[in-house]
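See below for the structure under consideration.
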Amino acid sequence: MKTAEHYLELRYRLRNVANHCSIYVSLDELASILYCSTRNVKRILSNMQEDGLIYWKPGGGRGHRSKLLFRCSLEEALTTHIDALLHRGAFKEAIRWLKREGIPARVRERCYREVLAALSFPRIHVREIEGLNRTWPSGIVPAMVSTNTGRWLFVDGQDGDNRK
């Protein structure tokens, strides 16, 4: 998992904690939330702190709890992560995140609209299509196709047998 996904998982599981409010947690608790070792939790928390997502102050000595403060809300982090997934074309993963129970309804709706917009056919005005018909060489019939990245391209719409 990437740092953003770790943060989302941590923020999702501790969603009742307000932004900029300190909580005290043990590394063992965080390890069970992130499904990793306490040693790996330290590395993950350090990465999150470098990215400005959290403030973390390790507890001094064994058994002492660490201070954790979230700097980014679940809504902000999820929206940013969904945008990144859509940009990469990872639509299934974006939808998987949005289907999780406990995601705020307003965030889910806003992100679903972004997913649908990314999956839908782009809006092309009639003037643009008319202009394209004039610029294509004779004998070529333009067609729009989707690529695996989610982009749309204009290509020659004729069969290979009919080409000159």
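To be explicit about the labels: the chains of the structure tokens are called A, B, and onward in the order shown, and within each one the residues are counted from 1, while ligands get numbers from 1 in the order they are shown.
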Worksheet item: Neighbours of Ser26 in chain A within 7 Å (only C-alpha atoms; same-chain residues fewer than 3 positions away dropped), as an MDAnalysis selection string?
Response: chainID A and resid 29:30 65:66
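Residues of range 38-100 of chain A that DSSP places in strand (DSSP E or B), based on the backbone of this structure, are A:Ile54, A:Tyr55, A:Trp56, A:Lys57, A:Ser66, A:Lys67, A:Leu68, A:Leu69, A:Phe70.
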Could you save the residues just selected, with C-alpha atoms, as a PDB file, in the first residue's frame?
```pdb
ATOM      1  CA  ILE A  54      -0.286  13.685  10.401  1.00  0.00           C
ATOM      2  CA  TYR A  55       1.646  14.904  13.386  1.00  0.00           C
ATOM      3  CA  TRP A  56       3.140  12.008  15.315  1.00  0.00           C
ATOM      4  CA  LYS A  57       5.203  12.040  18.478  1.00  0.00           C
ATOM      5  CA  SER A  66       2.230   7.837  21.008  1.00  0.00           C
ATOM      6  CA  LYS A  67       0.561  11.138  20.239  1.00  0.00           C
ATOM      7  CA  LEU A  68      -1.220  11.234  16.868  1.00  0.00           C
ATOM      8  CA  LEU A  69      -2.926  14.200  15.212  1.00  0.00           C
ATOM      9  CA  PHE A  70      -4.683  14.074  11.823  1.00  0.00           C
TER      10      PHE A  70
END
```
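For the set A:Arg106, A:Arg39, A:Lys2, A:Arg71, the residue with the smallest atom-to-atom gap to Gly52 in chain A is A:Arg71, counting only C-alpha atoms.
Here CA of Ile23 in chain A stands at a distance of 21.2 Å from CA of Leu78 in chain A.
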Discussion item. Restricting the calculation to only C-alpha atoms: of A:Val17, A:Ala4, A:Glu9, A:Gln49, which residue gets closest to Tyr35 in chain A?
Written reply: A:Glu9
Worksheet entry | Backbone-only DSSP, helix (DSSP H, G or I) members of range 21-143 of chain A, as number ranges by chain | A: 27-34, 38-50, 74-88, 91-98, 105-119, 126-135
Worksheet entry | Spatial neighbours of Lys92 in chain A, 12 Å, only C-alpha atoms, chain gap at least 6 places, as JSON, numbers by chain | {"A": [82, 85, 86, 98, 99, 112, 115, 119]}
Worksheet item: If we count only C-alpha atoms, what is near Leu10 in chain A at a cut-off of 12 Å, once residues fewer than 2 positions away on the same chain are taken out, given as a PyMOL selection string?
Response: chain A and resi 3-8+12-17+25+29-35+41+44-45+48+53-54+68-70+72-74+77-78
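We find CA of Tyr24 in chain A and CA of Pro104 in chain A to be spaced 24.6 Å apart.
Comparing A:Asn47, A:Asp28, A:Ile103, A:Gly89 by their smallest distance to His64 in chain A, the closest is A:Asp28 (using only C-alpha atoms).
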Worksheet, complete the sentence: Judged by only C-alpha atoms, the minimum distance to Thr79 in chain A among A:Phe91, A:Ala18, A:Gly63, A:Cys111 is found for A:Cys111
